[in-house]
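Dropping run-v8.pdb in here (PDB, C-alpha atoms, pLDDT in the B column):
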ATOM      1  CA  ARG A   1      -0.163  -6.578  18.579  1.00 72.00           C
ATOM      2  CA  LYS A   2      -0.400  -5.282  15.017  1.00 84.00           C
ATOM      3  CA  GLU A   3       2.797  -3.891  13.524  1.00 91.00           C
ATOM      4  CA  VAL A   4       1.064  -0.653  12.536  1.00 95.00           C
ATOM      5  CA  GLU A   5      -2.056   0.497  14.365  1.00 94.00           C
ATOM      6  CA  GLN A   6      -4.471   3.245  13.437  1.00 94.00           C
ATOM      7  CA  ASP A   7      -7.836   4.374  14.733  1.00 89.00           C
ATOM      8  CA  PRO A   8     -10.167   3.301  11.891  1.00 87.00           C
ATOM      9  CA  GLY A   9     -12.594   6.169  12.522  1.00 88.00           C
ATOM     10  CA  PRO A  10     -14.612   7.358  10.709  1.00 93.00           C
ATOM     11  CA  PHE A  11     -13.733  10.942  11.464  1.00 94.00           C
ATOM     12  CA  ASN A  12     -16.613  13.190  10.395  1.00 96.00           C
ATOM     13  CA  VAL A  13     -15.614  16.845  10.243  1.00 97.00           C
ATOM     14  CA  PRO A  14     -17.047  20.025   8.677  1.00 97.00           C
ATOM     15  CA  GLU A  15     -15.281  21.826   5.865  1.00 98.00           C
ATOM     16  CA  GLY A  16     -12.559  24.081   7.173  1.00 97.00           C
ATOM     17  CA  ALA A  17     -11.881  22.007  10.270  1.00 97.00           C
ATOM     18  CA  THR A  18      -8.476  20.815  11.406  1.00 97.00           C
ATOM     19  CA  VAL A  19      -8.198  17.075  11.937  1.00 97.00           C
ATOM     20  CA  ALA A  20      -5.364  14.903  13.215  1.00 96.00           C
ATOM     21  CA  PHE A  21      -4.696  11.207  12.712  1.00 94.00           C
ATOM     22  CA  ASN A  22      -2.360   9.127  14.817  1.00 94.00           C
ATOM     23  CA  CYS A  23      -0.525   5.907  14.195  1.00 95.00           C
ATOM     24  CA  THR A  24       1.733   3.704  16.311  1.00 97.00           C
ATOM     25  CA  TYR A  25       4.237   1.120  15.128  1.00 96.00           C
ATOM     26  CA  SER A  26       5.811  -1.788  16.974  1.00 95.00           C
ATOM     27  CA  ASN A  27       9.220  -2.224  15.327  1.00 93.00           C
ATOM     28  CA  SER A  28      11.633   0.240  16.898  1.00 92.00           C
ATOM     29  CA  ALA A  29      14.181  -0.433  14.126  1.00 89.00           C
ATOM     30  CA  SER A  30      11.861   0.966  11.432  1.00 91.00           C
ATOM     31  CA  GLN A  31      13.621   3.338   9.075  1.00 88.00           C
ATOM     32  CA  SER A  32      11.048   4.837   6.746  1.00 93.00           C
ATOM     33  CA  PHE A  33       7.589   6.286   7.219  1.00 95.00           C
ATOM     34  CA  PHE A  34       4.853   7.437   4.865  1.00 96.00           C
ATOM     35  CA  TRP A  35       1.245   8.515   4.690  1.00 98.00           C
ATOM     36  CA  TYR A  36      -0.802   7.213   1.775  1.00 98.00           C
ATOM     37  CA  ARG A  37      -4.281   8.218   0.700  1.00 98.00           C
ATOM     38  CA  GLN A  38      -6.801   5.735  -0.678  1.00 97.00           C
ATOM     39  CA  ASP A  39     -10.085   6.778  -2.262  1.00 96.00           C
ATOM     40  CA  CYS A  40     -12.987   4.328  -2.310  1.00 91.00           C
ATOM     41  CA  ARG A  41     -12.265   1.399  -4.620  1.00 84.00           C
ATOM     42  CA  LYS A  42      -9.048   3.005  -5.876  1.00 94.00           C
ATOM     43  CA  GLU A  43      -5.363   2.311  -5.408  1.00 97.00           C
ATOM     44  CA  PRO A  44      -3.322   3.764  -2.507  1.00 97.00           C
ATOM     45  CA  LYS A  45      -1.400   6.881  -3.499  1.00 97.00           C
ATOM     46  CA  LEU A  46       1.576   8.408  -1.731  1.00 97.00           C
ATOM     47  CA  LEU A  47       0.526  11.525   0.168  1.00 97.00           C
ATOM     48  CA  MET A  48       3.845  12.333   1.809  1.00 96.00           C
ATOM     49  CA  SER A  49       6.935  10.870   3.373  1.00 94.00           C
ATOM     50  CA  VAL A  50       7.504  11.505   7.065  1.00 95.00           C
ATOM     51  CA  TYR A  51      10.876  12.792   8.195  1.00 90.00           C
ATOM     52  CA  SER A  52      12.382  12.809  11.672  1.00 88.00           C
ATOM     53  CA  SER A  53      12.258  16.585  11.919  1.00 88.00           C
ATOM     54  CA  GLY A  54       8.633  16.723  10.796  1.00 89.00           C
ATOM     55  CA  ASN A  55       7.546  18.060   7.438  1.00 93.00           C
ATOM     56  CA  GLU A  56       4.791  20.046   5.828  1.00 95.00           C
ATOM     57  CA  ASP A  57       3.193  19.978   2.388  1.00 95.00           C
ATOM     58  CA  GLY A  58       0.597  22.689   1.990  1.00 96.00           C
ATOM     59  CA  ARG A  59      -2.265  21.963   4.382  1.00 97.00           C
ATOM     60  CA  PHE A  60      -0.715  18.668   5.485  1.00 98.00           C
ATOM     61  CA  THR A  61       1.815  18.257   8.307  1.00 97.00           C
ATOM     62  CA  ALA A  62       3.420  14.980   9.286  1.00 97.00           C
ATOM     63  CA  GLN A  63       5.361  14.323  12.471  1.00 96.00           C
ATOM     64  CA  LEU A  64       7.410  11.402  13.742  1.00 96.00           C
ATOM     65  CA  ASN A  65       8.231  10.575  17.342  1.00 95.00           C
ATOM     66  CA  ARG A  66      10.753   7.740  17.323  1.00 93.00           C
ATOM     67  CA  ALA A  67      10.948   7.486  21.116  1.00 93.00           C
ATOM     68  CA  SER A  68       7.195   6.844  21.375  1.00 94.00           C
ATOM     69  CA  GLN A  69       7.008   5.026  18.000  1.00 95.00           C
ATOM     70  CA  TYR A  70       4.260   7.352  16.928  1.00 94.00           C
ATOM     71  CA  ILE A  71       3.412   9.107  13.646  1.00 96.00           C
ATOM     72  CA  SER A  72       0.821  11.796  13.092  1.00 96.00           C
ATOM     73  CA  LEU A  73      -0.854  13.555  10.170  1.00 97.00           C
ATOM     74  CA  LEU A  74      -2.501  16.952  10.592  1.00 97.00           C
ATOM     75  CA  ILE A  75      -4.852  18.320   7.933  1.00 98.00           C
ATOM     76  CA  ARG A  76      -5.721  22.001   8.181  1.00 98.00           C
ATOM     77  CA  ASP A  77      -8.659  23.736   6.487  1.00 98.00           C
ATOM     78  CA  SER A  78     -10.273  20.451   5.419  1.00 98.00           C
ATOM     79  CA  LYS A  79     -11.795  20.283   1.942  1.00 98.00           C
ATOM     80  CA  LEU A  80     -14.562  18.017   0.692  1.00 98.00           C
ATOM     81  CA  SER A  81     -11.946  16.469  -1.586  1.00 97.00           C
ATOM     82  CA  ASP A  82      -9.925  15.356   1.458  1.00 98.00           C
ATOM     83  CA  SER A  83     -12.563  12.675   2.154  1.00 98.00           C
ATOM     84  CA  ALA A  84     -10.683   9.382   1.838  1.00 97.00           C
ATOM     85  CA  THR A  85      -8.949   6.691   3.867  1.00 96.00           C
ATOM     86  CA  TYR A  86      -5.475   7.605   5.125  1.00 97.00           C
ATOM     87  CA  LEU A  87      -2.975   4.781   5.485  1.00 97.00           C
ATOM     88  CA  CYS A  88      -0.049   4.945   7.864  1.00 97.00           C
ATOM     89  CA  VAL A  89       2.877   3.059   6.341  1.00 96.00           C
ATOM     90  CA  VAL A  90       6.106   1.952   7.991  1.00 95.00           C
ATOM     91  CA  GLY A  91       9.223   0.512   6.430  1.00 92.00           C
ATOM     92  CA  PRO A  92      11.140  -1.884   8.660  1.00 85.00           C
ATOM     93  CA  SER A  93      14.869  -1.862   8.180  1.00 75.00           C
ATOM     94  CA  SER A  94      15.372  -4.271   5.285  1.00 79.00           C
ATOM     95  CA  ASN A  95      16.869  -4.620   1.824  1.00 80.00           C
ATOM     96  CA  THR A  96      13.605  -5.944   0.378  1.00 85.00           C
ATOM     97  CA  GLY A  97      11.747  -2.652   0.215  1.00 87.00           C
ATOM     98  CA  LYS A  98       8.838  -4.174   2.119  1.00 91.00           C
ATOM     99  CA  LEU A  99       6.384  -1.753   3.711  1.00 93.00           C
ATOM    100  CA  ILE A 100       3.835  -2.435   6.436  1.00 94.00           C
ATOM    101  CA  PHE A 101       0.455  -0.782   5.883  1.00 95.00           C
ATOM    102  CA  GLY A 102      -1.959   0.183   8.621  1.00 94.00           C
ATOM    103  CA  GLN A 103      -5.628  -0.563   8.061  1.00 93.00           C
ATOM    104  CA  GLY A 104      -6.350   3.102   7.527  1.00 94.00           C
ATOM    105  CA  THR A 105      -8.348   5.933   9.068  1.00 95.00           C
ATOM    106  CA  THR A 106     -11.445   7.079   7.211  1.00 95.00           C
ATOM    107  CA  LEU A 107     -12.119  10.805   6.926  1.00 97.00           C
ATOM    108  CA  GLN A 108     -15.447  12.275   5.822  1.00 97.00           C
ATOM    109  CA  VAL A 109     -15.490  16.028   5.304  1.00 98.00           C
ATOM    110  CA  LYS A 110     -19.018  17.412   5.202  1.00 97.00           C
ATOM    111  CA  PRO A 111     -20.295  20.728   3.795  1.00 95.00           C
TER     112      PRO A 111
ATOM    113  CA  ASN B   1       4.395   7.367 -18.809  1.00 64.00           C
ATOM    114  CA  ALA B   2       1.806   4.851 -17.609  1.00 80.00           C
ATOM    115  CA  GLY B   3       3.405   3.976 -14.238  1.00 95.00           C
ATOM    116  CA  VAL B   4       2.080   0.623 -12.995  1.00 97.00           C
ATOM    117  CA  THR B   5      -0.487  -1.106 -15.201  1.00 97.00           C
ATOM    118  CA  GLN B   6      -2.552  -4.122 -14.118  1.00 98.00           C
ATOM    119  CA  THR B   7      -4.568  -6.401 -16.370  1.00 97.00           C
ATOM    120  CA  PRO B   8      -7.331  -7.414 -16.230  1.00 97.00           C
ATOM    121  CA  LYS B   9      -9.302  -4.824 -14.224  1.00 96.00           C
ATOM    122  CA  PHE B  10     -12.138  -7.229 -13.370  1.00 96.00           C
ATOM    123  CA  ARG B  11     -12.578 -10.984 -13.561  1.00 96.00           C
ATOM    124  CA  VAL B  12     -15.068 -13.568 -12.377  1.00 97.00           C
ATOM    125  CA  LEU B  13     -13.856 -17.150 -12.039  1.00 96.00           C
ATOM    126  CA  LYS B  14     -15.392 -20.431 -11.028  1.00 97.00           C
ATOM    127  CA  THR B  15     -13.850 -22.449  -8.213  1.00 97.00           C
ATOM    128  CA  GLY B  16     -10.972 -24.534  -9.533  1.00 97.00           C
ATOM    129  CA  GLN B  17     -10.220 -22.375 -12.563  1.00 97.00           C
ATOM    130  CA  SER B  18      -6.794 -20.870 -13.067  1.00 96.00           C
ATOM    131  CA  MET B  19      -5.730 -17.438 -14.185  1.00 95.00           C
ATOM    132  CA  THR B  20      -2.784 -15.058 -14.331  1.00 97.00           C
ATOM    133  CA  LEU B  21      -2.772 -11.409 -13.324  1.00 98.00           C
ATOM    134  CA  LEU B  22      -0.261  -9.245 -15.132  1.00 97.00           C
ATOM    135  CA  CYS B  23       1.562  -6.249 -13.692  1.00 98.00           C
ATOM    136  CA  ALA B  24       3.756  -4.044 -15.855  1.00 98.00           C
ATOM    137  CA  GLN B  25       5.756  -0.981 -14.801  1.00 97.00           C
ATOM    138  CA  ASP B  26       7.653   1.500 -16.948  1.00 96.00           C
ATOM    139  CA  MET B  27       9.573   3.295 -14.180  1.00 95.00           C
ATOM    140  CA  ASN B  28      12.589   0.951 -14.278  1.00 94.00           C
ATOM    141  CA  HIS B  29      11.867  -0.076 -10.681  1.00 95.00           C
ATOM    142  CA  GLU B  30      13.900  -2.947  -9.315  1.00 95.00           C
ATOM    143  CA  TYR B  31      11.374  -4.102  -6.717  1.00 95.00           C
ATOM    144  CA  MET B  32       7.810  -5.314  -7.339  1.00 97.00           C
ATOM    145  CA  TYR B  33       5.044  -6.538  -5.031  1.00 98.00           C
ATOM    146  CA  TRP B  34       1.643  -8.199  -5.092  1.00 98.00           C
ATOM    147  CA  TYR B  35      -0.916  -7.399  -2.374  1.00 98.00           C
ATOM    148  CA  ARG B  36      -4.482  -8.339  -1.671  1.00 97.00           C
ATOM    149  CA  GLN B  37      -6.914  -6.044   0.099  1.00 96.00           C
ATOM    150  CA  ASP B  38      -9.985  -7.314   1.894  1.00 93.00           C
ATOM    151  CA  PRO B  39     -12.500  -5.359   4.008  1.00 85.00           C
ATOM    152  CA  GLY B  40     -11.189  -4.853   7.535  1.00 77.00           C
ATOM    153  CA  MET B  41      -7.851  -6.521   6.712  1.00 78.00           C
ATOM    154  CA  GLY B  42      -5.830  -3.797   5.087  1.00 85.00           C
ATOM    155  CA  LEU B  43      -3.165  -4.567   2.494  1.00 94.00           C
ATOM    156  CA  ARG B  44      -1.480  -7.950   2.854  1.00 95.00           C
ATOM    157  CA  LEU B  45       1.664  -8.874   0.939  1.00 96.00           C
ATOM    158  CA  ILE B  46       1.357 -12.040  -1.148  1.00 98.00           C
ATOM    159  CA  HIS B  47       4.720 -12.272  -2.934  1.00 98.00           C
ATOM    160  CA  TYR B  48       7.447  -9.854  -3.880  1.00 97.00           C
ATOM    161  CA  SER B  49      10.525  -9.595  -6.078  1.00 97.00           C
ATOM    162  CA  VAL B  50      13.741  -7.666  -5.576  1.00 94.00           C
ATOM    163  CA  GLY B  51      14.939  -8.179  -9.138  1.00 94.00           C
ATOM    164  CA  GLU B  52      14.506  -9.966 -12.421  1.00 95.00           C
ATOM    165  CA  GLY B  53      14.477 -13.722 -11.909  1.00 94.00           C
ATOM    166  CA  THR B  54      13.975 -13.553  -8.127  1.00 95.00           C
ATOM    167  CA  THR B  55      10.799 -13.932  -6.072  1.00 97.00           C
ATOM    168  CA  ALA B  56      10.004 -14.395  -2.395  1.00 96.00           C
ATOM    169  CA  LYS B  57       6.994 -15.166  -0.214  1.00 97.00           C
ATOM    170  CA  GLY B  58       5.135 -12.478   1.643  1.00 95.00           C
ATOM    171  CA  GLU B  59       2.594 -12.688   4.433  1.00 93.00           C
ATOM    172  CA  VAL B  60      -0.116 -14.699   2.604  1.00 96.00           C
ATOM    173  CA  PRO B  61       1.534 -16.694  -0.234  1.00 97.00           C
ATOM    174  CA  ASP B  62      -0.521 -19.904  -0.120  1.00 96.00           C
ATOM    175  CA  GLY B  63      -2.521 -20.614  -3.271  1.00 96.00           C
ATOM    176  CA  TYR B  64      -0.502 -18.171  -5.392  1.00 98.00           C
ATOM    177  CA  ASN B  65       2.592 -18.357  -7.560  1.00 97.00           C
ATOM    178  CA  VAL B  66       4.593 -15.577  -9.185  1.00 98.00           C
ATOM    179  CA  SER B  67       7.189 -15.064 -11.856  1.00 97.00           C
ATOM    180  CA  ARG B  68       9.508 -12.172 -12.763  1.00 97.00           C
ATOM    181  CA  LEU B  69      11.034 -13.136 -16.098  1.00 95.00           C
ATOM    182  CA  LYS B  70      11.470  -9.513 -17.177  1.00 96.00           C
ATOM    183  CA  LYS B  71      12.313  -6.555 -14.976  1.00 96.00           C
ATOM    184  CA  GLN B  72       9.212  -4.638 -15.997  1.00 97.00           C
ATOM    185  CA  ASN B  73       6.695  -7.475 -15.490  1.00 98.00           C
ATOM    186  CA  PHE B  74       5.499  -9.359 -12.419  1.00 98.00           C
ATOM    187  CA  LEU B  75       2.895 -12.096 -12.896  1.00 98.00           C
ATOM    188  CA  LEU B  76       0.602 -13.488 -10.200  1.00 98.00           C
ATOM    189  CA  GLY B  77      -0.943 -16.898 -10.832  1.00 98.00           C
ATOM    190  CA  LEU B  78      -3.844 -18.698  -9.219  1.00 96.00           C
ATOM    191  CA  GLU B  79      -3.574 -22.375 -10.111  1.00 91.00           C
ATOM    192  CA  SER B  80      -6.907 -23.497  -8.631  1.00 96.00           C
ATOM    193  CA  ALA B  81      -9.054 -20.565  -7.578  1.00 96.00           C
ATOM    194  CA  ALA B  82     -10.978 -20.746  -4.304  1.00 97.00           C
ATOM    195  CA  PRO B  83     -13.767 -18.451  -3.003  1.00 96.00           C
ATOM    196  CA  SER B  84     -11.380 -17.284  -0.242  1.00 96.00           C
ATOM    197  CA  GLN B  85      -9.286 -15.659  -2.977  1.00 97.00           C
ATOM    198  CA  THR B  86     -12.074 -13.251  -3.842  1.00 97.00           C
ATOM    199  CA  SER B  87     -10.398  -9.899  -3.263  1.00 97.00           C
ATOM    200  CA  VAL B  88      -8.938  -6.767  -4.795  1.00 97.00           C
ATOM    201  CA  TYR B  89      -5.367  -7.361  -5.931  1.00 98.00           C
ATOM    202  CA  PHE B  90      -2.847  -4.543  -6.146  1.00 98.00           C
ATOM    203  CA  CYS B  91       0.568  -4.573  -7.735  1.00 98.00           C
ATOM    204  CA  ALA B  92       3.206  -2.079  -6.643  1.00 98.00           C
ATOM    205  CA  SER B  93       6.790  -1.238  -7.535  1.00 97.00           C
ATOM    206  CA  SER B  94       9.619   0.765  -6.028  1.00 95.00           C
ATOM    207  CA  TYR B  95      13.283   1.653  -6.298  1.00 92.00           C
ATOM    208  CA  PRO B  96      15.682  -0.393  -4.168  1.00 88.00           C
ATOM    209  CA  SER B  97      16.190   0.350  -0.493  1.00 80.00           C
ATOM    210  CA  LEU B  98      18.650   3.123   0.215  1.00 77.00           C
ATOM    211  CA  ARG B  99      21.907   2.625   2.081  1.00 73.00           C
ATOM    212  CA  GLY B 100      21.009   1.810   5.670  1.00 67.00           C
ATOM    213  CA  ASN B 101      17.978  -0.195   4.516  1.00 71.00           C
ATOM    214  CA  SER B 102      15.651   2.775   4.357  1.00 79.00           C
ATOM    215  CA  ASN B 103      12.786   1.760   2.076  1.00 87.00           C
ATOM    216  CA  GLN B 104      11.460   3.799  -0.807  1.00 90.00           C
ATOM    217  CA  PRO B 105       7.757   4.582  -1.338  1.00 94.00           C
ATOM    218  CA  GLN B 106       5.835   2.123  -3.472  1.00 96.00           C
ATOM    219  CA  HIS B 107       3.759   3.064  -6.508  1.00 97.00           C
ATOM    220  CA  PHE B 108       0.534   1.147  -7.087  1.00 98.00           C
ATOM    221  CA  GLY B 109      -1.461  -0.023 -10.061  1.00 98.00           C
ATOM    222  CA  ASP B 110      -5.201   0.591 -10.050  1.00 96.00           C
ATOM    223  CA  GLY B 111      -6.077  -2.939  -8.988  1.00 97.00           C
ATOM    224  CA  THR B 112      -7.768  -6.104 -10.234  1.00 97.00           C
ATOM    225  CA  ARG B 113     -11.151  -6.987  -8.757  1.00 97.00           C
ATOM    226  CA  LEU B 114     -11.421 -10.767  -8.701  1.00 97.00           C
ATOM    227  CA  SER B 115     -14.504 -12.762  -7.726  1.00 96.00           C
ATOM    228  CA  ILE B 116     -14.428 -16.530  -7.304  1.00 97.00           C
ATOM    229  CA  LEU B 117     -17.811 -18.249  -7.403  1.00 95.00           C
TER     230      LEU B 117
END
Let me see the structure of the file written as structure tokens.
Amino acid sequence: RKEVEQDPGPFNVPEGATVAFNCTYSNSASQSFFWYRQDCRKEPKLLMSVYSSGNEDGRFTAQLNRASQYISLLIRDSKLSDSATYLCVVGPSSNTGKLIFGQGTTLQVKP
Amino acid sequence: NAGVTQTPKFRVLKTGQSMTLLCAQDMNHEYMYWYRQDPGMGLRLIHYSVGEGTTAKGEVPDGYNVSRLKKQNFLLGLESAAPSQTSVYFCASSYPSLRGNSNQPQHFGDGTRLSIL
């Protein structure tokens, strides 16, 4: 079983749609959680951290369910510029700073 | 403020040649990492460093060596390049883990595209 699993997609949605991505992780002792965005042939960039109580940044909402070891990302009012691959990232409890990256979910927003 | 800078951006090598990839960060980050990214494989950790003068193996260290002589620089070496090392290489850096071993987000360079013929 992979440490971080995501549905690779692609998710094809029209502009203005709401889309949700899910991610599961295997290490119940994990302490930190993030969503990264990666555009084609570019570096991953931090989209947002994920907090236990859930958090929102504009059109983006992230939620964490520790009991089910499940993370989600909701994008409202999708824009063409949201087209990218979204990486679910989990930090196991460690003093090395190591993060485990999911393979990513690809989103294509169409006009 | 450049963040994380990788050189070179592109390189083509012949099998058996050697080369060094340079990563430099100006954020005073303690931790640095080297990853490779291949289609369908996601990001895989090659080596990492939790401070100047220290390095450790990641998930896929074979065929690579690293050095962290200065806090701001992390070098990745290929002693004898093989076609299986054709990949996109990313360097990243971060602040140390917080109390309770909660890890900080990592900041990435824009990658080195390496082809081994």
Using all atoms listed in the file, which chain A residues lie at most 10 Å away from chain B, written as a PyMOL selection string?
-> chain A and resi 8+30-36+41-46+48-49+87+89-104
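The gap separating CA of Ala67 in chain A from CA of Gln38 in chain A is 28.2 Å, in Å to one decimal.
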Reference answer for the PyMOL selection byres ((chain A and resi 62) around 9), as a list in words =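 This file, filtered by the PyMOL selection byres ((chain A and resi 62) around 9), leaves Phe34, Trp35, Met48, Ser49, Val50, Tyr51, Gly54, Asn55, Glu56, Asp57, Phe60, Thr61, Gln63, Leu64, Ile71, Ser72, Leu73 and Leu74 of chain A.
Counting from CA of Ser83 in chain A, the distance to CA of Ser52 in chain A is 26.7 Å.
The coordinates place CA of Ala84 in chain A at 18.8 Å from CA of Val4 in chain A.
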Output the residue selection produced by the PyMOL selection byres ((chain B and resi 59) around 10) on the file above, formatted as a VMD selection string.
-> chain B and resid 35 44 to 47 57 to 58 60 to 62
